[in-house]
Each structure stands twice: as C-alpha cells, then as structure tokens.
$ cat protein-v7.txt   # compact mmCIF, C-alpha atoms
# COMPACT_ATOMS: atom_id res chain seq x y z
CA MET C 1 120.42 226.66 134.94
CA GLY C 2 122.77 224.53 132.83
CA VAL C 3 119.88 223.16 130.76
CA ARG C 4 118.44 226.64 130.24
CA ARG C 5 121.79 227.94 129.09
CA SER C 6 122.14 225.00 126.71
CA LEU C 7 118.67 225.70 125.29
CA LEU C 8 119.61 229.33 124.67
CA VAL C 9 122.75 228.31 122.80
CA LEU C 10 120.83 225.64 120.85
CA GLY C 11 118.26 228.20 119.78
CA LEU C 12 120.99 230.49 118.49
CA LEU C 13 122.68 227.63 116.65
CA GLU C 14 119.40 226.76 114.95
CA ALA C 15 119.59 230.23 113.46
CA PHE C 16 122.27 229.10 110.97
CA GLY C 17 119.70 228.35 108.29
CA PRO C 18 117.67 231.56 108.61
CA LEU C 19 120.79 233.70 108.97
CA SER C 20 122.39 232.17 105.90
CA MET C 21 119.28 232.84 103.82
CA ASP C 22 117.28 235.74 105.21
CA LEU C 23 119.99 238.30 105.91
CA TYR C 24 120.76 238.84 102.23
CA LEU C 25 117.36 237.87 100.84
CA PRO C 26 116.39 241.51 100.10
CA GLN C 27 119.66 241.84 98.16
CA LEU C 28 119.02 239.03 95.67
CA PRO C 29 117.99 241.32 92.80
CA GLN C 30 121.00 243.58 93.50
CA LEU C 31 123.32 240.57 93.66
CA ALA C 32 122.10 239.37 90.24
CA ALA C 33 122.78 242.80 88.73
CA SER C 34 126.19 243.15 90.42
CA LEU C 35 127.50 239.83 89.13
CA HIS C 36 125.79 240.21 85.73
CA THR C 37 123.83 237.01 86.16
CA SER C 38 120.22 235.82 85.91
CA ASP C 39 117.54 235.74 88.58
CA ALA C 40 117.69 231.94 88.47
CA LEU C 41 121.43 231.86 89.27
CA ALA C 42 120.97 234.45 92.00
CA GLN C 43 118.32 232.17 93.53
CA ALA C 44 120.75 229.29 93.09
CA THR C 45 123.09 230.91 95.63
CA MET C 46 120.34 230.14 98.13
CA SER C 47 119.73 226.69 96.67
CA VAL C 48 123.34 225.52 96.92
CA CYS C 49 123.63 226.79 100.49
CA MET C 50 120.43 224.97 101.41
CA ILE C 51 121.73 221.82 99.73
CA GLY C 52 124.95 222.19 101.72
CA LEU C 53 122.94 222.62 104.91
CA GLY C 54 121.19 219.37 104.04
CA LEU C 55 124.10 217.20 102.87
CA GLY C 56 126.38 218.43 105.63
CA GLN C 57 123.99 216.99 108.18
CA LEU C 58 124.72 213.50 106.85
CA VAL C 59 128.30 214.09 107.96
CA ALA C 60 127.82 216.07 111.17
CA GLY C 61 124.95 213.97 112.54
CA PRO C 62 126.71 210.56 112.48
CA LEU C 63 129.95 212.19 113.65
CA SER C 64 128.10 213.54 116.68
CA ASP C 65 126.85 210.02 117.45
CA ARG C 66 130.44 208.80 117.27
CA TYR C 67 132.53 211.58 118.86
CA GLY C 68 129.98 213.42 120.99
CA ARG C 69 128.15 216.63 120.24
CA ARG C 70 130.68 219.36 121.06
CA ARG C 71 133.67 218.64 118.83
CA PRO C 72 131.83 218.29 115.48
CA LEU C 73 129.73 221.31 116.36
CA LEU C 74 132.67 223.61 117.07
CA VAL C 75 134.50 222.56 113.91
CA GLY C 76 131.38 223.20 111.83
CA VAL C 77 130.79 226.67 113.28
CA ALA C 78 134.42 227.64 112.74
CA LEU C 79 134.32 226.58 109.08
CA PHE C 80 131.02 228.41 108.57
CA THR C 81 132.76 231.61 109.67
CA VAL C 82 135.64 231.08 107.23
CA PHE C 83 133.41 230.36 104.24
CA SER C 84 131.15 233.32 105.02
CA LEU C 85 134.20 235.54 104.53
CA ALA C 86 134.97 233.72 101.27
CA CYS C 87 131.47 234.58 100.03
CA ALA C 88 132.09 238.26 100.69
CA PHE C 89 135.09 238.30 98.33
CA ALA C 90 133.72 236.02 95.59
CA PRO C 91 134.61 237.64 92.22
CA THR C 92 132.10 235.72 90.08
CA ILE C 93 128.80 233.93 90.44
CA GLU C 94 130.59 230.60 89.98
CA VAL C 95 132.95 231.25 92.91
CA LEU C 96 130.05 232.48 95.03
CA LEU C 97 128.08 229.30 94.32
CA VAL C 98 131.00 227.14 95.49
CA ALA C 99 131.56 229.26 98.60
CA ARG C 100 127.85 229.15 99.45
CA LEU C 101 127.84 225.37 99.13
CA LEU C 102 130.80 225.08 101.51
CA GLN C 103 129.20 227.58 103.88
CA GLY C 104 126.08 225.43 104.00
CA LEU C 105 128.04 222.21 104.52
CA ALA C 106 129.75 223.74 107.52
CA GLY C 107 126.65 225.39 108.96
CA ALA C 108 124.80 222.05 108.87
CA ALA C 109 126.52 221.06 112.11
CA GLY C 110 124.61 223.72 114.01
CA LEU C 111 121.26 222.51 112.68
CA VAL C 112 121.55 218.76 113.11
CA ILE C 113 123.48 218.69 116.38
CA THR C 114 120.93 221.06 117.90
CA LEU C 115 118.22 218.43 117.33
CA ALA C 116 120.45 215.64 118.60
CA VAL C 117 121.20 217.51 121.83
CA ALA C 118 117.50 218.26 122.32
CA ARG C 119 116.74 214.55 121.89
CA ASP C 120 119.50 213.71 124.39
CA LEU C 121 117.78 215.91 126.97
CA PHE C 122 114.04 215.33 126.27
CA SER C 123 111.52 212.91 124.72
CA GLY C 124 107.81 212.69 123.81
CA ALA C 125 105.59 215.70 124.39
CA GLU C 126 108.37 217.36 126.39
CA LEU C 127 110.65 217.16 123.34
CA SER C 128 107.94 218.79 121.24
CA ARG C 129 107.56 221.54 123.86
CA MET C 130 111.31 222.10 123.97
CA LEU C 131 111.56 222.30 120.18
CA SER C 132 108.78 224.90 120.24
CA LEU C 133 110.56 226.72 123.03
CA LEU C 134 113.76 226.76 120.99
CA ALA C 135 111.78 228.61 118.35
CA LEU C 136 111.45 231.53 120.75
CA VAL C 137 115.19 232.03 120.32
CA SER C 138 115.85 230.69 116.83
CA ALA C 139 112.82 232.43 115.30
CA SER C 140 114.35 235.77 116.20
CA ALA C 141 116.71 235.23 113.26
CA PRO C 142 114.06 235.17 110.50
CA ILE C 143 112.30 238.05 112.26
CA VAL C 144 115.36 240.23 112.71
CA ALA C 145 117.50 239.12 109.75
CA PRO C 146 115.37 240.36 106.83
CA VAL C 147 114.58 243.61 108.61
CA LEU C 148 118.25 244.06 109.44
CA GLY C 149 119.13 243.02 105.90
CA GLY C 150 116.76 245.60 104.47
CA GLN C 151 118.29 248.32 106.61
CA LEU C 152 121.85 247.16 105.88
CA ALA C 153 120.96 247.39 102.19
CA ARG C 154 120.87 251.15 102.67
CA VAL C 155 124.59 251.27 103.54
CA LEU C 156 126.05 247.93 102.42
CA ASP C 157 126.00 245.92 99.23
CA TRP C 158 125.54 242.15 99.25
CA ARG C 159 129.25 241.64 99.95
CA GLY C 160 128.95 243.66 103.13
CA ILE C 161 126.09 241.39 104.21
CA PHE C 162 128.43 238.40 104.08
CA VAL C 163 131.00 240.26 106.16
CA VAL C 164 128.27 240.70 108.76
CA LEU C 165 127.57 236.95 108.54
CA THR C 166 131.25 236.31 109.22
CA GLY C 167 131.04 238.28 112.45
CA ILE C 168 127.88 236.44 113.47
CA GLY C 169 129.61 233.11 112.88
CA ALA C 170 132.53 234.13 115.07
CA ALA C 171 130.15 235.18 117.86
CA LEU C 172 128.27 231.87 117.66
CA LEU C 173 131.55 229.98 117.86
CA ILE C 174 132.39 231.72 121.13
CA LEU C 175 128.90 231.06 122.52
CA ALA C 176 128.98 227.39 121.57
CA GLY C 177 132.45 226.90 122.99
CA THR C 178 131.60 228.46 126.34
CA GLY C 179 127.89 227.70 126.76
CA LEU C 180 127.20 224.17 125.53
CA ARG C 181 128.11 221.11 127.54
CA GLU C 182 128.52 217.58 126.19
CA THR C 183 125.20 215.68 126.31
CA LEU C 184 126.19 212.31 124.87
CA PRO C 185 128.14 210.16 127.36
CA ALA C 186 131.12 208.25 125.98
CA ALA C 187 129.47 204.91 126.83
CA GLU C 188 126.55 205.68 124.50
CA ARG C 189 128.59 206.67 121.45
CA HIS C 190 128.66 204.48 118.37
CA PRO C 191 131.82 202.75 117.12
CA ALA C 192 133.61 204.19 114.13
CA GLY C 193 133.52 202.68 110.64
CA PHE C 194 131.17 202.29 107.71
CA GLY C 195 129.73 199.03 109.05
CA PRO C 196 128.21 200.50 112.24
CA LEU C 197 127.10 203.58 110.33
CA GLY C 198 125.39 201.41 107.72
CA ARG C 199 123.53 199.55 110.47
CA GLN C 200 122.21 202.84 111.84
CA PHE C 201 120.84 203.85 108.44
CA ARG C 202 119.27 200.41 107.92
CA GLU C 203 117.49 200.66 111.27
CA LEU C 204 116.06 204.01 110.23
CA LEU C 205 114.87 202.71 106.87
CA ARG C 206 113.09 199.80 108.56
CA ASP C 207 110.97 202.28 110.52
CA ARG C 208 107.98 202.92 108.23
CA LEU C 209 106.74 205.82 110.33
CA PHE C 210 110.12 207.53 110.14
CA VAL C 211 110.28 207.06 106.36
CA LEU C 212 106.80 208.52 105.87
CA ILE C 213 107.64 211.58 107.98
CA VAL C 214 110.87 212.07 106.02
CA ILE C 215 108.99 212.01 102.69
CA ALA C 216 106.39 214.41 104.07
CA ALA C 217 109.22 216.67 105.24
CA ALA C 218 110.68 216.60 101.73
CA ALA C 219 107.40 217.82 100.26
CA GLY C 220 107.12 220.45 102.99
CA GLY C 221 110.66 221.56 102.17
CA VAL C 222 109.65 222.13 98.54
CA ALA C 223 106.72 224.28 99.67
CA PHE C 224 108.80 226.32 102.11
CA PHE C 225 111.74 226.86 99.78
CA SER C 226 109.42 227.89 96.95
CA TYR C 227 108.19 230.64 99.27
CA LEU C 228 111.71 231.49 100.42
CA SER C 229 113.34 231.69 97.00
CA MET C 230 110.53 233.22 94.93
CA SER C 231 108.84 235.65 97.31
CA SER C 232 111.45 238.41 97.02
CA PHE C 233 111.13 238.47 93.21
CA VAL C 234 107.34 238.14 93.20
CA LEU C 235 106.64 240.76 95.85
CA GLN C 236 109.28 243.27 94.74
CA ASP C 237 109.15 242.90 90.94
CA GLN C 238 105.49 241.97 90.42
CA PHE C 239 103.79 243.76 93.33
CA GLY C 240 106.25 246.66 93.67
CA LEU C 241 107.38 246.27 97.29
CA SER C 242 110.64 247.99 98.23
CA PRO C 243 113.43 245.94 99.85
CA GLN C 244 112.52 247.52 103.19
CA ALA C 245 108.80 246.75 102.82
CA PHE C 246 109.59 243.20 101.75
CA SER C 247 111.88 242.67 104.72
CA LEU C 248 109.11 243.90 107.04
CA PHE C 249 106.62 241.49 105.46
CA PHE C 250 109.13 238.67 105.82
CA ALA C 251 109.56 239.48 109.50
CA VAL C 252 105.79 239.45 110.03
CA ASN C 253 105.66 235.96 108.52
CA ALA C 254 108.44 234.85 110.83
CA VAL C 255 106.35 236.10 113.77
CA ALA C 256 103.41 234.08 112.43
CA ASN C 257 105.63 231.00 112.31
CA LEU C 258 106.78 231.66 115.86
CA LEU C 259 103.20 232.05 117.09
CA GLY C 260 102.30 228.73 115.50
CA ALA C 261 105.17 227.00 117.30
CA GLN C 262 104.16 228.53 120.63
CA LEU C 263 100.54 227.47 120.13
CA SER C 264 101.87 223.96 119.61
CA ARG C 265 103.87 224.19 122.85
CA VAL C 266 100.71 225.13 124.77
CA LEU C 267 98.46 222.49 123.21
CA VAL C 268 100.78 219.49 122.85
CA LEU C 269 100.32 218.19 126.40
CA ARG C 270 96.57 218.09 125.82
CA PHE C 271 96.36 216.81 122.26
CA GLY C 272 99.70 215.06 121.77
CA PRO C 273 102.32 215.46 119.01
CA ALA C 274 100.46 213.30 116.47
CA ARG C 275 97.25 215.34 116.41
CA LEU C 276 99.08 218.64 116.26
CA TYR C 277 101.33 217.34 113.49
CA LEU C 278 98.33 216.31 111.41
CA GLY C 279 96.43 219.52 112.19
CA GLY C 280 99.41 221.66 111.25
CA GLN C 281 99.98 219.84 107.98
CA LEU C 282 96.32 220.05 106.96
CA ALA C 283 96.23 223.75 107.82
CA THR C 284 99.36 224.29 105.73
CA ALA C 285 97.66 222.71 102.72
CA VAL C 286 94.54 224.85 103.23
CA ALA C 287 96.65 228.02 103.39
CA ALA C 288 98.55 227.01 100.25
CA LEU C 289 95.32 226.41 98.34
CA LEU C 290 94.05 229.81 99.50
CA LEU C 291 97.23 231.29 98.04
CA VAL C 292 96.58 229.63 94.69
CA THR C 293 92.99 230.90 94.75
CA SER C 294 94.03 234.46 95.62
CA VAL C 295 96.42 234.57 92.67
CA ILE C 296 94.00 233.04 90.16
CA VAL C 297 90.97 235.06 91.28
CA GLY C 298 92.99 238.26 91.57
CA TRP C 299 92.69 239.21 95.22
CA GLY C 300 95.90 241.19 94.84
CA LEU C 301 98.65 241.85 97.34
CA PRO C 302 96.46 241.61 100.49
CA GLY C 303 95.26 238.14 99.50
CA VAL C 304 98.77 236.89 98.76
CA LEU C 305 100.25 238.31 101.96
CA SER C 306 97.43 236.92 104.12
CA ALA C 307 97.68 233.42 102.64
CA LEU C 308 101.46 233.35 103.07
CA ALA C 309 101.18 234.44 106.72
CA LEU C 310 98.64 231.66 107.39
CA PHE C 311 100.94 229.20 105.62
CA LEU C 312 103.89 230.10 107.87
CA PHE C 313 101.68 229.94 110.98
CA ALA C 314 100.58 226.41 110.12
CA VAL C 315 104.18 225.35 109.44
CA GLY C 316 105.02 226.49 112.96
CA VAL C 317 102.28 224.30 114.44
CA GLY C 318 103.21 221.11 112.62
CA GLY C 319 107.01 221.35 112.45
CA PRO C 320 108.08 220.58 116.06
CA ASN C 321 105.65 217.67 116.28
CA GLY C 322 106.82 216.07 113.06
CA THR C 323 110.40 216.16 114.36
CA THR C 324 109.26 214.70 117.68
CA LEU C 325 107.50 211.78 115.98
CA ALA C 326 110.48 211.14 113.71
CA LEU C 327 113.08 211.07 116.51
CA GLY C 328 110.86 209.41 119.13
CA ALA C 329 112.10 205.84 118.69
CA HIS C 330 115.70 206.71 117.85
CA SER C 331 117.35 208.07 120.97
CA ALA C 332 120.35 205.78 120.40
CA ARG C 333 120.93 207.28 116.96
CA ALA C 334 119.48 210.78 117.37
CA GLY C 335 122.26 212.45 115.39
CA THR C 336 121.90 210.12 112.41
CA ALA C 337 118.08 210.28 112.45
CA ALA C 338 118.13 214.07 112.65
CA ALA C 339 120.66 214.11 109.81
CA VAL C 340 118.42 212.09 107.49
CA LEU C 341 115.41 214.23 108.31
CA GLY C 342 117.34 217.46 107.87
CA THR C 343 119.12 216.38 104.69
CA VAL C 344 115.90 215.54 102.90
CA THR C 345 114.21 218.72 104.09
CA PHE C 346 117.10 220.94 103.04
CA THR C 347 117.97 219.36 99.67
CA ILE C 348 114.79 218.40 97.84
CA GLY C 349 113.28 221.88 98.06
CA PRO C 350 116.34 223.72 96.73
CA ILE C 351 116.49 221.31 93.79
CA VAL C 352 112.81 221.46 92.84
CA ALA C 353 112.01 225.15 93.47
CA PRO C 354 114.56 226.64 91.01
CA ILE C 355 113.39 224.20 88.33
CA ALA C 356 109.83 225.43 88.83
CA SER C 357 110.98 229.03 88.39
CA ILE C 358 113.11 228.55 85.27
CA GLY C 359 110.52 230.43 83.23
CA GLY C 360 110.52 233.27 85.76
CA SER C 361 109.39 233.79 89.35
CA THR C 362 105.74 234.76 89.02
CA ALA C 363 102.99 234.79 91.63
CA LEU C 364 101.25 231.87 89.92
CA THR C 365 104.46 229.81 89.76
CA MET C 366 105.13 230.40 93.46
CA ALA C 367 101.53 229.65 94.44
CA LEU C 368 101.30 226.43 92.44
CA SER C 369 104.67 225.19 93.73
CA ILE C 370 103.62 225.81 97.33
CA GLY C 371 100.11 224.45 96.82
CA ILE C 372 101.07 221.16 95.20
CA ALA C 373 103.92 220.43 97.63
CA ALA C 374 101.90 221.33 100.74
CA SER C 375 99.00 219.14 99.60
CA VAL C 376 101.31 216.15 99.10
CA SER C 377 102.81 216.71 102.55
CA ALA C 378 99.34 216.83 104.14
CA LEU C 379 98.28 213.57 102.48
CA LEU C 380 101.43 211.87 103.77
CA ALA C 381 100.74 213.23 107.26
CA VAL C 382 97.41 211.39 107.21
CA LEU C 383 99.31 208.16 106.48
CA VAL C 384 101.74 208.93 109.31
CA VAL C 385 98.93 209.18 111.85
CA ARG C 386 97.34 205.98 110.55
CA HIS C 387 100.62 204.11 111.12
CA LEU C 388 101.03 205.30 114.70
CA PRO C 389 99.10 202.37 116.27
CA ALA C 390 101.47 199.92 114.57
CA ARG C 391 104.37 201.46 116.52
CA ALA C 392 102.49 201.30 119.83
$ encode --input "protein-v7.txt" --output "structure tokens"
Amino acid sequence: MGVRRSLLVLGLLEAFGPLSMDLYLPQLPQLAASLHTSDALAQATMSVCMIGLGLGQLVAGPLSDRYGRRRPLLVGVALFTVFSLACAFAPTIEVLLVARLLQGLAGAAGLVITLAVARDLFSGAELSRMLSLLALVSASAPIVAPVLGGQLARVLDWRGIFVVLTGIGAALLILAGTGLRETLPAAERHPAGFGPLGRQFRELLRDRLFVLIVIAAAAGGVAFFSYLSMSSFVLQDQFGLSPQAFSLFFAVNAVANLLGAQLSRVLVLRFGPARLYLGGQLATAVAALLLVTSVIVGWGLPGVLSALALFLFAVGVGGPNGTTLALGAHSARAGTAAAVLGTVTFTIGPIVAPIASIGGSTALTMALSIGIAASVSALLAVLVVRHLPARA
C-alpha cells in the first residue's frame, strides 16, 4: 500500500510541467494583448518556465542524491507555490518572464525527483511499466488542465489562472509532505562537494548509450515544444478554433499520449524497452511527416488534428522506454542522470521553438519544426538500439 501511495503522489508531482504550461495555454493570445506585447514574448513566458524546469533539475537531482529525496522535493514545491503567486501579480511582461523562470526552477524538483524515486523502487521492464503507470495519474493534468483553463477563461483572466496554480501548488505540497516516504537510504547517498558531483557527471558522459538518448531527447523536446508553443496560435488564429474548442482538442491529444503510454506498459514485457523505444520514435517521425504533408497538400484542419494526435500517441509509446534505457545503468546516481536527461529535454526545445516562430506561428512553421526535430530523434534512436549490445 505504501508503494501504491507513493506512485500516486509521484504521478501528481509529475504534473508540474503540464500544469505550468497547459492551464493558461488557451490564454496566451489574451495575455499578449493584456500586457501589450508580441506573440513571441507571450510564447516566451512558456519558454522561460520550461528552461527553468530544465535547469532546475541540475540542482534538484544531485541534491536528491546527496540529501535524500524528500527534503529537496518539499523545498521545491513550496517555492513553486510562492512564485506562482508572483506570476499572478506581475505588472509587466519582463516581471512575468522572471517570475516564470523562477517558477520553473522550483517546479523542477517535482519532475526530476519523481524519476529518481521511481528508479529507487524499480528497474528494467518493471521501471518502464511503472513510468507508464505514472502516466495514468500525471496525464490527467494535460487532459484536465487545458479544458479547465478554457472554462476558467470564461470567468478569469490569465492572472486568475496563476492564482489557481498557486492553490494547486499548496495542495501538492501537503500531499508530498504526508504521502511520500524517503526512498534513498543514508548509506547510499553521495558525499557533498563539487569533486564528487563532477565524478558523477563524468561517469554519465562516458556512457555512450546515455549520451545518445540524451541527444535524441533534446531533438524530441524541440518537436514537442514546437507543438506546445505554436498550436494555440495556429489553431485559433489560422484555423479559427475558439479557446474552448482548442482546449478540448488539446485534451484529446493528451488522451492519445496516455493511450500510447498504456500500450507501452502492456507490450514492454513481451518486446522489451529497446524495441518499444525505437518503434515509438519511428512512429513519431512518421506522424510528424504526415503533419508536414497535410499542411503542404492542404488537407485542412482534420488533417492537422489527426497528424498531431498520432504524434502525441507515438510520443507516449517511446517516452517511458527511453527514460528506462537512460537510467538503467545508473541506479547509484539516478537523481543526477534524471537531471541531465530532464534538463536537455526541457531547455533545448524552448530555445529553438521560439526562434523558429520569430516570423510568426504558422501551420507550416509548426509542421516543419516538428517534422525536422522528430526525424532527427528517430535517427538517433536507431543508433541507440545499435549500441545496446555493447552495454550487454
């Protein structure tokens, strides 16, 4: 029962990323108008938070290897709550960007320590199954958040959305404090100091398989964040969806992602994490190329929506297995390994995607960004699978 309760809390903590992004995603155009800023800077409020979610993992992950999982986690959740409130009262776009960065830095603890705790408890195919199972809980955030955000948009402006985020952060702090036990024994914690930390990073960089998966994750992050940051502008401004219709579409895609993760959970014991990782990555590239084709050929809104749903489904299949392969040989440094993987995933995409949309968020820009990045990630996944025998 203790493990099940921990898994429930871990799933909720994994929701930091989706909650930070998806709840106010339908409000991005309104935010830009309210603060008299451009679409690009409005998107940048997502980018800086995502960068914070990435860079903060480089702090929280190693700290969890040194001091245990609970203390860094609780501090991070508490600070996330404080900075969410700061976002709600930001008077200018510049202040909001700083507050969003700090919010992401704090929320990173929930993301990276979740993976470290899962690795403490499981390994191999069972770790992949548990990561997929966590998606049953954590995926409720991207399903519920945009729908809730669309409905909240009827009665609240974007500032009110951040007040809601503040309340969610406080609730998660209580849940983490009462429902998550320590999973890293004191005897297995790393010594403090830059020397031991440097050794942990060097061990990770010597692992060619780990490095390849990290680079593939970076490309996948570009594809996913291009979808996340551009879709609201493309589908509302170019295709005429209302905020409520867009939030419903976004929730459907989250369900597709969840179904992909659960298919992985069912199949991983039969086919193994490596095959499902490769299959998921290849399917992601196929879906992305279908998206490019639908935009160029002119299949309209149905073609775009279908390709994006397939893209999210394939991401759900490959994601848990890529994490499993990356953390497999690093149980002694799970927090640091998860931090490197998460940092790259959460920072490269938010840097590249806004650059791609400087000229405007169009369907073709979004499709090409997703297509190129997903294809690179798939090619790297092929190299990952080829290197697996060397590890064995």
$ closest_residue --input "protein-v7.txt" --among "C:Ser229, C:Ser306, C:Ala86, C:Arg208" --to "Asn253 of chain C" --atoms "all atoms listed in the file"
C:Ser306
$ closest_residue --input "protein-v7.txt" --among "C:Gln27, C:Thr284, C:Thr336, C:Ser369" --to "Leu63 of chain C" --atoms "only C-alpha atoms"
C:Thr336
$ residues_near_point --input "protein-v7.txt" --point "(102.8, 227.3, 94.2)" --cutoff "10 Å" --atoms "all atoms listed in the file" --output "JSON, numbers by chain"
{"C": [222, 223, 224, 226, 227, 230, 288, 289, 291, 292, 295, 353, 356, 362, 363, 364, 365, 366, 367, 368, 369, 370, 371, 372, 373, 374]}
$ residues_around --input "protein-v7.txt" --residues "Gly240 of chain C" --least-positions-apart "6" --cutoff "12 Å" --atoms "all atoms listed in the file" --output "list in words"
Ser231, Ser232, Phe233, Val234, Phe246, Gly300 and Leu301 of chain C
$ residues_around --input "protein-v7.txt" --residues "Leu25 of chain C" --least-positions-apart "5" --cutoff "12 Å" --atoms "all atoms listed in the file" --output "JSON, numbers by chain"
{"C": [18, 19, 20, 30, 31, 32, 42, 43, 45, 46, 142, 145, 146, 147, 148, 149, 150, 151, 152, 153, 157, 158, 161, 162, 227, 228, 229, 230, 231, 232, 233, 236, 243, 244, 246, 247, 248, 250, 251]}
$ residues_around --input "protein-v7.txt" --residues "Leu205 of chain C" --least-positions-apart "5" --cutoff "12 Å" --atoms "all atoms listed in the file" --output "PyMOL selection string"
chain C and resi 198-200+210-215+326+330+336-337+340-341
$ residues_around --input "protein-v7.txt" --residues "Met50 of chain C" --least-positions-apart "6" --cutoff "7 Å" --atoms "all atoms listed in the file" --output "list in words"
Gly104, Phe346, Thr347 and Pro350 of chain C
$ axis_aligned_box --input "protein-v7.txt" --around "segment 116-127 of chain C" --padding-each-side "3 Å" --output "lines of an AutoDock Vina configuration file"
center_x = 113.4
center_y = 215.5
center_z = 122.8
size_x = 21.6
size_y = 11.6
size_z = 14.4
$ atom_distance --input "protein-v7.txt" --atom1 "atom CA of Leu197 of chain C" --atom2 "atom CA of Leu58 of chain C"
10.8 Å
$ residues_around --input "protein-v7.txt" --residues "Arg119 of chain C" --least-positions-apart "5" --cutoff "7 Å" --atoms "all atoms listed in the file" --output "list in words"
Leu127, Ser331 and Ala334 of chain C
$ closest_residue --input "protein-v7.txt" --among "C:Ala339, C:Arg265, C:Ala125, C:Leu209" --to "Ala60 of chain C" --atoms "all atoms listed in the file"
C:Ala339
$ atom_distance --input "protein-v7.txt" --atom1 "atom CA of Leu258 of chain C" --atom2 "atom CA of Leu278 of chain C"
18.1 Å
$ atom_distance --input "protein-v7.txt" --atom1 "atom CA of Ala329 of chain C" --atom2 "atom CA of Glu203 of chain C"
10.5 Å
$ closest_residue --input "protein-v7.txt" --among "C:Leu8, C:Leu310, C:Ile51, C:Leu102" --to "Val77 of chain C" --atoms "only C-alpha atoms"
C:Leu102
